[in-house]
file entry-v7.txt (compact mmCIF, C-alpha atoms)
# COMPACT_ATOMS: atom_id res chain seq x y z
CA MET R 8 -7.36 -47.34 -36.58
CA SER R 9 -10.29 -46.43 -34.34
CA GLY R 10 -8.22 -47.18 -31.24
CA VAL R 11 -5.37 -45.04 -32.53
CA MET R 12 -7.71 -42.13 -33.23
CA LYS R 13 -9.25 -42.41 -29.76
CA ARG R 14 -5.80 -42.44 -28.21
CA MET R 15 -4.69 -39.42 -30.23
CA GLY R 16 -7.88 -37.60 -29.23
CA MET R 17 -7.27 -38.38 -25.56
CA ILE R 18 -3.66 -37.19 -25.78
CA PHE R 19 -4.74 -34.01 -27.53
CA ARG R 20 -7.43 -33.31 -24.91
CA ALA R 21 -4.99 -34.00 -22.09
CA LYS R 22 -2.39 -31.65 -23.52
CA ALA R 23 -5.01 -29.01 -24.24
CA ASN R 24 -6.35 -29.31 -20.70
CA LYS R 25 -2.84 -28.95 -19.29
CA ALA R 26 -2.17 -25.91 -21.47
CA LEU R 27 -5.47 -24.34 -20.39
CA ASP R 28 -4.68 -25.08 -16.76
CA ARG R 29 -1.37 -23.24 -17.08
CA ALA R 30 -3.05 -20.33 -18.85
CA GLU R 31 -5.96 -20.09 -16.43
CA ASP R 32 -5.83 -17.47 -13.72
CA PRO R 33 -8.22 -18.36 -10.84
CA ARG R 34 -8.77 -14.68 -10.09
CA GLU R 35 -10.00 -14.01 -13.61
CA THR R 36 -12.25 -17.08 -13.45
CA LEU R 37 -13.77 -15.90 -10.15
CA ASP R 38 -14.36 -12.41 -11.54
CA TYR R 39 -16.04 -13.90 -14.61
CA SER R 40 -18.31 -16.10 -12.45
CA TYR R 41 -19.22 -13.10 -10.30
CA GLN R 42 -20.05 -11.09 -13.41
CA LYS R 43 -22.32 -13.88 -14.65
CA GLN R 44 -24.11 -14.00 -11.29
CA LEU R 45 -24.63 -10.26 -11.42
CA GLU R 46 -26.14 -10.62 -14.87
CA LEU R 47 -28.48 -13.36 -13.61
CA LEU R 48 -29.48 -11.20 -10.64
CA GLN R 49 -30.18 -8.34 -12.99
CA LYS R 50 -32.47 -10.57 -15.07
CA VAL R 51 -34.36 -11.67 -11.95
CA ARG R 52 -34.77 -8.07 -10.87
CA ARG R 53 -35.97 -7.16 -14.35
CA GLY R 54 -38.49 -9.99 -14.14
CA VAL R 55 -39.70 -8.71 -10.77
CA ALA R 56 -40.06 -5.25 -12.25
CA ASP R 57 -42.01 -6.60 -15.24
CA VAL R 58 -44.40 -8.55 -13.00
CA ALA R 59 -44.85 -5.55 -10.75
CA THR R 60 -45.62 -3.42 -13.82
CA SER R 61 -48.22 -5.91 -15.02
CA ARG R 62 -49.76 -6.03 -11.56
CA LYS R 63 -49.94 -2.25 -11.50
CA ARG R 64 -51.71 -2.19 -14.87
CA LEU R 65 -54.27 -4.70 -13.63
CA GLU R 66 -54.86 -2.58 -10.57
CA LEU R 67 -55.48 0.45 -12.78
CA GLN R 68 -57.90 -1.55 -14.96
CA LEU R 69 -59.67 -2.82 -11.85
CA ASN R 70 -60.06 0.68 -10.59
CA GLU R 71 -61.52 1.79 -13.91
CA LEU R 72 -63.93 -1.16 -14.03
CA GLN R 73 -64.99 -0.62 -10.45
CA LYS R 74 -65.66 3.04 -11.21
CA LYS R 75 -67.76 2.08 -14.25
CA SER R 76 -69.60 -0.53 -12.17
CA SER R 77 -70.43 2.11 -9.58
CA THR R 78 -71.57 4.45 -12.36
CA TYR R 79 -73.89 1.82 -13.87
CA GLU R 80 -75.31 1.12 -10.42
CA ASP R 81 -76.03 4.83 -9.86
CA GLN R 82 -77.57 5.13 -13.32
CA GLY R 83 -79.83 2.13 -12.63
CA ARG R 84 -81.07 3.63 -9.41
CA LYS R 85 -81.80 6.95 -11.10
CA ALA R 86 -83.59 5.26 -14.02
CA LEU R 87 -85.64 3.17 -11.62
CA ALA R 88 -86.51 6.28 -9.63
CA LEU R 89 -87.74 7.93 -12.85
CA GLY R 90 -89.84 4.93 -13.70
CA ARG R 91 -87.55 3.76 -16.46
CA GLU R 92 -87.26 0.15 -15.47
CA ASP R 93 -85.87 -0.79 -18.86
CA LEU R 94 -82.96 1.62 -18.49
CA ALA R 95 -82.36 0.43 -14.97
CA ARG R 96 -82.27 -3.18 -16.21
CA GLU R 97 -79.75 -2.25 -18.98
CA ALA R 98 -77.54 -0.43 -16.53
CA LEU R 99 -77.56 -3.39 -14.15
CA SER R 100 -76.79 -5.77 -17.07
CA ARG R 101 -73.76 -3.73 -18.04
CA ARG R 102 -72.72 -3.58 -14.42
CA SER R 103 -72.96 -7.37 -14.22
CA ALA R 104 -70.73 -7.77 -17.30
CA LEU R 105 -68.19 -5.41 -15.81
CA GLN R 106 -68.31 -7.33 -12.57
CA GLN R 107 -67.30 -10.50 -14.44
CA GLN R 108 -64.31 -8.65 -15.91
CA VAL R 109 -63.44 -7.34 -12.46
CA THR R 110 -63.52 -10.90 -11.11
CA ASP R 111 -61.20 -12.12 -13.92
CA LEU R 112 -58.81 -9.20 -13.37
CA GLU R 113 -58.77 -9.79 -9.65
CA THR R 114 -57.83 -13.43 -10.27
CA GLN R 115 -55.01 -12.36 -12.60
CA HIS R 116 -53.97 -9.74 -10.08
CA THR R 117 -53.72 -12.37 -7.36
CA GLN R 118 -51.63 -14.62 -9.59
CA LEU R 119 -49.31 -11.78 -10.59
CA GLN R 120 -48.99 -10.75 -6.99
CA GLY R 121 -47.97 -14.31 -6.07
CA GLU R 122 -45.43 -14.42 -8.92
CA GLU R 123 -44.09 -11.08 -7.85
CA GLU R 124 -43.62 -12.27 -4.30
CA LYS R 125 -41.84 -15.43 -5.50
CA LEU R 126 -39.52 -13.46 -7.79
CA THR R 127 -38.85 -10.93 -5.06
CA LEU R 128 -37.93 -13.71 -2.63
CA ALA R 129 -35.75 -15.35 -5.30
CA SER R 130 -34.11 -12.03 -6.01
CA GLN R 131 -33.36 -11.54 -2.33
CA ARG R 132 -31.91 -15.03 -2.00
CA LEU R 133 -29.85 -14.61 -5.14
CA GLN R 134 -28.64 -11.24 -3.89
CA ALA R 135 -27.51 -12.87 -0.64
CA LYS R 136 -25.71 -15.62 -2.59
CA VAL R 137 -24.04 -13.08 -4.86
CA ASP R 138 -22.89 -11.03 -1.87
CA ALA R 139 -21.55 -14.16 -0.17
CA PHE R 140 -19.81 -15.22 -3.39
CA ARG R 141 -18.30 -11.76 -3.78
CA THR R 142 -16.89 -11.92 -0.24
CA LYS R 143 -15.56 -15.43 -0.80
CA LYS R 144 -14.19 -14.40 -4.20
CA GLU R 145 -12.23 -11.51 -2.76
CA THR R 146 -10.93 -13.74 0.05
CA ILE R 147 -9.79 -16.40 -2.42
CA LYS R 148 -8.20 -13.78 -4.67
CA ALA R 149 -6.33 -12.24 -1.75
CA THR R 150 -5.16 -15.67 -0.57
CA TYR R 151 -4.11 -16.66 -4.09
CA THR R 152 -2.24 -13.40 -4.60
CA ALA R 153 -0.44 -13.80 -1.28
CA ALA R 154 0.45 -17.41 -2.10
CA GLN R 155 1.66 -16.38 -5.55
CA ALA R 156 3.80 -13.61 -4.10
CA GLN R 157 5.21 -15.99 -1.50
CA THR R 158 6.00 -18.53 -4.21
CA GLN R 159 7.72 -15.90 -6.34
CA ILE R 160 9.75 -14.74 -3.34
CA GLY R 161 10.70 -18.34 -2.58
CA GLU R 162 11.70 -18.93 -6.18
CA ALA R 163 13.72 -15.71 -6.14
CA PHE R 164 15.53 -16.77 -2.98
CA SER R 165 16.09 -20.20 -4.46
CA GLY R 166 17.55 -18.63 -7.58
CA ILE R 167 19.78 -16.37 -5.47
CA SER R 168 20.93 -19.36 -3.42
CA GLU R 169 21.76 -21.32 -6.56
CA GLU R 170 23.54 -18.32 -8.04
CA MET R 171 25.53 -17.77 -4.86
CA GLY R 172 26.37 -21.46 -4.80
CA ASP R 173 27.75 -21.20 -8.34
CA VAL R 174 29.69 -18.07 -7.37
CA GLY R 175 31.11 -19.83 -4.32
CA MET R 176 32.19 -22.79 -6.42
CA ALA R 177 33.81 -20.43 -8.95
CA ILE R 178 35.67 -18.65 -6.14
CA GLN R 179 36.82 -21.99 -4.72
CA ARG R 180 38.06 -23.11 -8.14
CA ALA R 181 39.92 -19.82 -8.60
CA GLU R 182 41.55 -20.15 -5.19
CA ASP R 183 42.54 -23.76 -5.91
CA LYS R 184 44.08 -22.79 -9.25
CA THR R 185 45.92 -19.89 -7.63
CA GLU R 186 47.38 -22.13 -4.93
CA GLN R 187 48.35 -24.70 -7.55
CA LEU R 188 50.14 -22.09 -9.66
CA ARG R 189 51.92 -20.69 -6.61
CA ALA R 190 53.07 -24.17 -5.59
CA ARG R 191 54.27 -24.90 -9.14
CA ALA R 192 56.16 -21.61 -9.33
CA GLY R 193 57.83 -22.30 -5.97
CA ALA R 194 58.83 -25.79 -7.05
CA LEU R 195 60.33 -24.49 -10.31
CA ASP R 196 62.31 -21.84 -8.43
CA GLU R 197 63.74 -24.51 -6.14
CA LEU R 198 64.65 -26.76 -9.07
CA MET R 199 66.30 -23.88 -10.93
CA ALA R 200 68.27 -22.85 -7.86
CA SER R 201 69.51 -26.39 -7.21
CA GLY R 202 70.52 -26.95 -10.81
CA ALA R 203 68.26 -29.95 -11.18
CA LEU R 204 66.43 -28.17 -13.95
CA ASP R 205 68.45 -26.89 -16.94
CA ASP R 206 67.91 -23.31 -17.94
CA PRO R 207 67.25 -23.27 -21.72
CA SER R 208 68.32 -19.62 -21.93
CA GLY R 209 71.81 -20.37 -20.59
CA LEU R 210 71.55 -17.54 -18.12
CA GLY R 211 70.71 -19.54 -15.03
CA LYS R 212 73.66 -20.91 -12.95
CA ASP R 213 73.81 -23.08 -9.92
CA ASP R 214 75.62 -22.11 -6.69
CA LEU R 215 78.85 -24.05 -7.50
CA GLN R 216 79.28 -22.44 -10.90
CA ALA R 217 78.68 -19.02 -9.42
CA GLU R 218 81.42 -19.64 -6.80
CA LEU R 219 83.90 -20.82 -9.46
CA ASP R 220 83.23 -17.76 -11.58
CA ARG R 221 83.79 -15.54 -8.57
CA LEU R 222 87.15 -17.18 -7.76
CA SER R 223 88.26 -17.02 -11.38
CA GLY R 224 87.45 -13.34 -11.53
CA GLY R 225 89.44 -12.76 -8.33
CA SER R 226 92.52 -14.59 -9.73
CA ASP R 227 92.61 -12.41 -12.84
CA VAL R 228 92.59 -9.32 -10.69
CA GLU R 229 95.47 -10.64 -8.54
CA LEU R 230 97.57 -11.52 -11.59
CA GLU R 231 97.05 -8.11 -13.13
CA LEU R 232 98.03 -6.47 -9.88
CA GLN R 233 101.30 -8.48 -9.69
CA ARG R 234 102.20 -7.55 -13.24
CA MET R 235 101.72 -3.87 -12.58
CA LYS R 236 103.86 -4.06 -9.47
CA ALA R 237 106.68 -5.76 -11.43
CA GLU R 238 106.65 -3.09 -14.12
CA LEU R 239 106.85 -0.34 -11.58
CA ALA R 240 109.71 -2.05 -9.77
CA GLY R 241 111.75 -2.57 -12.96
CA GLY R 242 111.42 1.00 -14.21
CA GLY R 243 112.49 2.58 -10.89
CA SER R 244 116.06 0.81 -10.45
CA SER R 245 119.34 2.71 -11.52
CA THR R 246 121.38 -0.38 -12.58
CA PRO R 247 119.88 -3.33 -14.27
CA ALA R 248 120.39 -6.68 -12.67
CA ILE R 249 123.29 -8.77 -14.21
CA GLU R 250 122.55 -12.36 -14.36
CA GLY R 251 124.05 -15.23 -16.18
CA GLY R 252 122.13 -15.63 -19.32
CA GLN R 253 121.49 -18.64 -21.28
CA ASN R 254 122.81 -19.61 -24.76
CA GLY R 255 126.61 -19.12 -23.77
CA GLN R 256 126.35 -15.46 -22.72
CA GLY R 257 128.28 -14.61 -19.52
CA ALA R 258 129.51 -11.45 -17.88
CA GLN R 259 131.17 -9.72 -20.92
CA GLY R 260 129.86 -6.33 -20.00
CA GLN R 261 126.95 -6.62 -22.43
CA PRO R 262 123.72 -5.67 -20.94
CA GLN R 263 121.04 -8.30 -20.65
CA ASP R 264 117.53 -7.80 -21.98
CA ARG R 265 115.07 -6.37 -19.49
CA PRO R 266 112.94 -9.10 -18.09
CA ARG R 267 109.45 -9.14 -19.44
CA PHE R 268 106.35 -10.54 -17.94
CA ASP R 269 104.08 -12.08 -20.36
CA LYS R 270 100.47 -11.39 -19.66
CA GLN R 271 98.92 -14.51 -18.46

call {"tool": "encode", "arguments": {"input": "entry-v7.txt", "output": "structure tokens"}}
result
Amino acid sequence: MSGVMKRMGMIFRAKANKALDRAEDPRETLDYSYQKQLELLQKVRRGVADVATSRKRLELQLNELQKKSSTYEDQGRKALALGREDLAREALSRRSALQQQVTDLETQHTQLQGEEEKLTLASQRLQAKVDAFRTKKETIKATYTAAQAQTQIGEAFSGISEEMGDVGMAIQRAEDKTEQLRARAGALDELMASGALDDPSGLGKDDLQAELDRLSGGSDVELELQRMKAELAGGGSSTPAIEGGQNGQGAQGQPQDRPRFDKQ
């Protein structure tokens, strides 16, 4: 069970890392790092300012103590000149106490001055690093943006090429189908014309049947024309033709029936 849990944890971390990698934008990460460096530089500068302020306060206190020390020295001289040795001794004692404070403040002042110099140097170095990082950051961002744009353009061209390839294949398939239909239509026309393929509608005829129908139509016209000519010839004669009839009828002076032409 422990091994399974470790494996599941590893898979989860791997997938989470992959998801974060896809979501991460290097430009945003660089901007965030630069912002953090600016904040650190600001803290260093604030520290330099605080140390410089403390040093300035010590300098003011030293000036005040030195002034008091000079005052006590002047007072001791005056008291000694007036014969007041006791007052002169008190003034010199106070001056000695102030001198000890001055010595302590001068030591602190030296230490603060050293700290201030160190922080100032660190601030200058950090400022140089931040400036260098900012330049590098902008260079990386510009390079990344250019590479991203180039990749997008390449992907767009790739998509266009794939799309045009699909269009070309569709056009080729359409042309092939068109040629196939044209060939099939031509073959059917040839089969219908030769009579090899029956016409289910009964309207299609081959060449031989068409010729027979034409001859048959011409014969009917010729027969009708002959009949009309015979009728005209029979109606225009003054004496009917006398011919020996059938069924025992001879030339007894009885007129024969007019010949008739049955319509064929």

call {"tool": "residues_around", "arguments": {"input": "entry-v7.txt", "residues": "R:Gln82", "least_positions_apart": "6", "cutoff": "12 Å", "atoms": "only C-alpha atoms", "output": "PDB file with C-alpha atoms, keeping the file's coordinate frame"}}
result
ATOM      1  CA  LYS R  75     -67.760   2.080 -14.250  1.00  0.00           C
ATOM      2  CA  SER R  76     -69.600  -0.530 -12.170  1.00  0.00           C
ATOM      3  CA  ALA R  88     -86.510   6.280  -9.630  1.00  0.00           C
ATOM      4  CA  LEU R  89     -87.740   7.930 -12.850  1.00  0.00           C
ATOM      5  CA  ARG R  91     -87.550   3.760 -16.460  1.00  0.00           C
ATOM      6  CA  GLU R  92     -87.260   0.150 -15.470  1.00  0.00           C
ATOM      7  CA  ASP R  93     -85.870  -0.790 -18.860  1.00  0.00           C
ATOM      8  CA  LEU R  94     -82.960   1.620 -18.490  1.00  0.00           C
ATOM      9  CA  ALA R  95     -82.360   0.430 -14.970  1.00  0.00           C
ATOM     10  CA  ARG R  96     -82.270  -3.180 -16.210  1.00  0.00           C
ATOM     11  CA  GLU R  97     -79.750  -2.250 -18.980  1.00  0.00           C
ATOM     12  CA  ALA R  98     -77.540  -0.430 -16.530  1.00  0.00           C
ATOM     13  CA  LEU R  99     -77.560  -3.390 -14.150  1.00  0.00           C
ATOM     14  CA  SER R 100     -76.790  -5.770 -17.070  1.00  0.00           C
ATOM     15  CA  ARG R 101     -73.760  -3.730 -18.040  1.00  0.00           C
ATOM     16  CA  ARG R 102     -72.720  -3.580 -14.420  1.00  0.00           C
TER      17      ARG R 102
END

call {"tool": "residues_around", "arguments": {"input": "entry-v7.txt", "residues": "stretch 57-65 of chain R", "least_positions_apart": "5", "cutoff": "12 Å", "atoms": "only C-alpha atoms", "output": "count of residues only"}}
result
27

call {"tool": "atom_distance", "arguments": {"input": "entry-v7.txt", "atom1": "atom CA of R:Ala104", "atom2": "atom CA of R:Glu80"}}
result
12.1 Å

call {"tool": "closest_residue", "arguments": {"input": "entry-v7.txt", "among": "R:Gln179, R:Leu48, R:Gly193, R:Lys74", "to": "R:Arg132", "atoms": "all atoms listed in the file"}}
result
R:Leu48

call {"tool": "atom_distance", "arguments": {"input": "entry-v7.txt", "atom1": "atom CA of R:Gln159", "atom2": "atom CA of R:Arg34"}}
result
17.0 Å

call {"tool": "atom_distance", "arguments": {"input": "entry-v7.txt", "atom1": "atom CA of R:Thr36", "atom2": "atom CA of R:Lys144"}}
result
9.8 Å

call {"tool": "closest_residue", "arguments": {"input": "entry-v7.txt", "among": "R:Lys13, R:Arg189, R:Leu37, R:Leu67", "to": "R:Thr146", "atoms": "all atoms listed in the file"}}
result
R:Leu37

call {"tool": "closest_residue", "arguments": {"input": "entry-v7.txt", "among": "R:Gln44, R:Thr152, R:Met235, R:Gln157", "to": "R:Asp32", "atoms": "only C-alpha atoms"}}
result
R:Thr152

call {"tool": "closest_residue", "arguments": {"input": "entry-v7.txt", "among": "R:Ala190, R:Gln107, R:Phe164, R:Tyr41", "to": "R:Lys136", "atoms": "only C-alpha atoms"}}
result
R:Tyr41

call {"tool": "closest_residue", "arguments": {"input": "entry-v7.txt", "among": "R:Gly90, R:Gly161, R:Gly54, R:Gly175", "to": "R:Ser130", "atoms": "only C-alpha atoms"}}
result
R:Gly54

call {"tool": "decode", "arguments": {"input": "entry-v7.txt", "residues": "stretch 33-70 of chain R", "atoms": "N, CA and C atoms", "output": "mmCIF file, in the first residue's frame"}}
result
data_model
loop_
_atom_site.group_PDB
_atom_site.id
_atom_site.type_symbol
_atom_site.label_atom_id
_atom_site.label_comp_id
_atom_site.auth_asym_id
_atom_site.auth_seq_id
_atom_site.Cartn_x
_atom_site.Cartn_y
_atom_site.Cartn_z
ATOM 1 N N PRO R 33 7.094 32.244 -19.492
ATOM 2 C CA PRO R 33 8.418 32.702 -19.048
ATOM 3 C C PRO R 33 8.502 34.214 -18.884
ATOM 4 N N ARG R 34 7.781 34.953 -19.693
ATOM 5 C CA ARG R 34 7.825 36.410 -19.579
ATOM 6 C C ARG R 34 7.241 36.877 -18.250
ATOM 7 N N GLU R 35 6.144 36.253 -17.835
ATOM 8 C CA GLU R 35 5.557 36.613 -16.548
ATOM 9 C C GLU R 35 6.485 36.223 -15.398
ATOM 10 N N THR R 36 7.144 35.063 -15.521
ATOM 11 C CA THR R 36 8.079 34.636 -14.483
ATOM 12 C C THR R 36 9.253 35.601 -14.375
ATOM 13 N N LEU R 37 9.777 36.055 -15.505
ATOM 14 C CA LEU R 37 10.889 37.008 -15.491
ATOM 15 C C LEU R 37 10.458 38.344 -14.880
ATOM 16 N N ASP R 38 9.278 38.799 -15.226
ATOM 17 C CA ASP R 38 8.780 40.056 -14.648
ATOM 18 C C ASP R 38 8.607 39.927 -13.139
ATOM 19 N N TYR R 39 8.129 38.766 -12.694
ATOM 20 C CA TYR R 39 7.950 38.552 -11.252
ATOM 21 C C TYR R 39 9.304 38.543 -10.544
ATOM 22 N N SER R 40 10.295 37.873 -11.129
ATOM 23 C CA SER R 40 11.637 37.844 -10.523
ATOM 24 C C SER R 40 12.238 39.242 -10.467
ATOM 25 N N TYR R 41 12.029 40.015 -11.518
ATOM 26 C CA TYR R 41 12.555 41.382 -11.537
ATOM 27 C C TYR R 41 11.887 42.236 -10.468
ATOM 28 N N GLN R 42 10.574 42.025 -10.285
ATOM 29 C CA GLN R 42 9.859 42.763 -9.254
ATOM 30 C C GLN R 42 10.382 42.409 -7.860
ATOM 31 N N LYS R 43 10.679 41.129 -7.631
ATOM 32 C CA LYS R 43 11.227 40.717 -6.347
ATOM 33 C C LYS R 43 12.609 41.320 -6.123
ATOM 34 N N GLN R 44 13.423 41.396 -7.144
ATOM 35 C CA GLN R 44 14.746 42.009 -7.009
ATOM 36 C C GLN R 44 14.635 43.498 -6.716
ATOM 37 N N LEU R 45 13.659 44.152 -7.333
ATOM 38 C CA LEU R 45 13.451 45.569 -7.028
ATOM 39 C C LEU R 45 13.033 45.764 -5.575
ATOM 40 N N GLU R 46 12.191 44.854 -5.078
ATOM 41 C CA GLU R 46 11.785 44.945 -3.680
ATOM 42 C C GLU R 46 12.982 44.739 -2.751
ATOM 43 N N LEU R 47 13.852 43.768 -3.078
ATOM 44 C CA LEU R 47 15.048 43.553 -2.272
ATOM 45 C C LEU R 47 15.978 44.767 -2.323
ATOM 46 N N LEU R 48 16.136 45.353 -3.489
ATOM 47 C CA LEU R 48 16.963 46.553 -3.613
ATOM 48 C C LEU R 48 16.393 47.703 -2.807
ATOM 49 N N GLN R 49 15.077 47.795 -2.792
ATOM 50 C CA GLN R 49 14.436 48.840 -2.006
ATOM 51 C C GLN R 49 14.683 48.638 -0.514
ATOM 52 N N LYS R 50 14.666 47.390 -0.060
ATOM 53 C CA LYS R 50 14.960 47.112 1.351
ATOM 54 C C LYS R 50 16.396 47.481 1.695
ATOM 55 N N VAL R 51 17.333 47.153 0.801
ATOM 56 C CA VAL R 51 18.733 47.496 1.048
ATOM 57 C C VAL R 51 18.899 49.007 1.116
ATOM 58 N N ARG R 52 18.257 49.700 0.201
ATOM 59 C CA ARG R 52 18.344 51.166 0.222
ATOM 60 C C ARG R 52 17.722 51.734 1.493
ATOM 61 N N ARG R 53 16.623 51.123 1.934
ATOM 62 C CA ARG R 53 16.005 51.579 3.171
ATOM 63 C C ARG R 53 16.938 51.336 4.358
ATOM 64 N N GLY R 54 17.636 50.195 4.327
ATOM 65 C CA GLY R 54 18.612 49.927 5.381
ATOM 66 C C GLY R 54 19.750 50.927 5.370
ATOM 67 N N VAL R 55 20.225 51.284 4.185
ATOM 68 C CA VAL R 55 21.275 52.300 4.076
ATOM 69 C C VAL R 55 20.788 53.626 4.637
ATOM 70 N N ALA R 56 19.551 53.954 4.307
ATOM 71 C CA ALA R 56 18.988 55.213 4.804
ATOM 72 C C ALA R 56 18.855 55.184 6.325
ATOM 73 N N ASP R 57 18.437 54.042 6.886
ATOM 74 C CA ASP R 57 18.300 53.953 8.342
ATOM 75 C C ASP R 57 19.664 54.091 9.030
ATOM 76 N N VAL R 58 20.676 53.418 8.485
ATOM 77 C CA VAL R 58 22.017 53.527 9.076
ATOM 78 C C VAL R 58 22.547 54.946 8.962
ATOM 79 N N ALA R 59 22.305 55.564 7.817
ATOM 80 C CA ALA R 59 22.763 56.942 7.645
ATOM 81 C C ALA R 59 22.044 57.871 8.618
ATOM 82 N N THR R 60 20.771 57.599 8.874
ATOM 83 C CA THR R 60 20.026 58.418 9.839
ATOM 84 C C THR R 60 20.592 58.253 11.246
ATOM 85 N N SER R 61 20.884 57.004 11.608
ATOM 86 C CA SER R 61 21.471 56.767 12.934
ATOM 87 C C SER R 61 22.839 57.438 13.044
ATOM 88 N N ARG R 62 23.626 57.339 12.007
ATOM 89 C CA ARG R 62 24.934 58.001 12.023
ATOM 90 C C ARG R 62 24.786 59.508 12.185
ATOM 91 N N LYS R 63 23.802 60.068 11.500
ATOM 92 C CA LYS R 63 23.589 61.509 11.611
ATOM 93 C C LYS R 63 23.168 61.892 13.027
ATOM 94 N N ARG R 64 22.367 61.095 13.676
ATOM 95 C CA ARG R 64 21.963 61.381 15.053
ATOM 96 C C ARG R 64 23.168 61.324 15.998
ATOM 97 N N LEU R 65 24.024 60.345 15.785
ATOM 98 C CA LEU R 65 25.234 60.274 16.616
ATOM 99 C C LEU R 65 26.120 61.504 16.410
ATOM 100 N N GLU R 66 26.219 61.930 15.194
ATOM 101 C CA GLU R 66 27.019 63.118 14.911
ATOM 102 C C GLU R 66 26.446 64.346 15.625
ATOM 103 N N LEU R 67 25.106 64.450 15.627
ATOM 104 C CA LEU R 67 24.481 65.569 16.344
ATOM 105 C C LEU R 67 24.748 65.469 17.844
ATOM 106 N N GLN R 68 24.639 64.244 18.404
ATOM 107 C CA GLN R 68 24.909 64.070 19.832
ATOM 108 C C GLN R 68 26.383 64.375 20.157
ATOM 109 N N LEU R 69 27.265 63.954 19.253
ATOM 110 C CA LEU R 69 28.683 64.246 19.467
ATOM 111 C C LEU R 69 28.954 65.746 19.463
ATOM 112 N N ASN R 70 28.287 66.411 18.573
ATOM 113 C CA ASN R 70 28.458 67.869 18.527
ATOM 114 C C ASN R 70 27.966 68.526 19.810
#
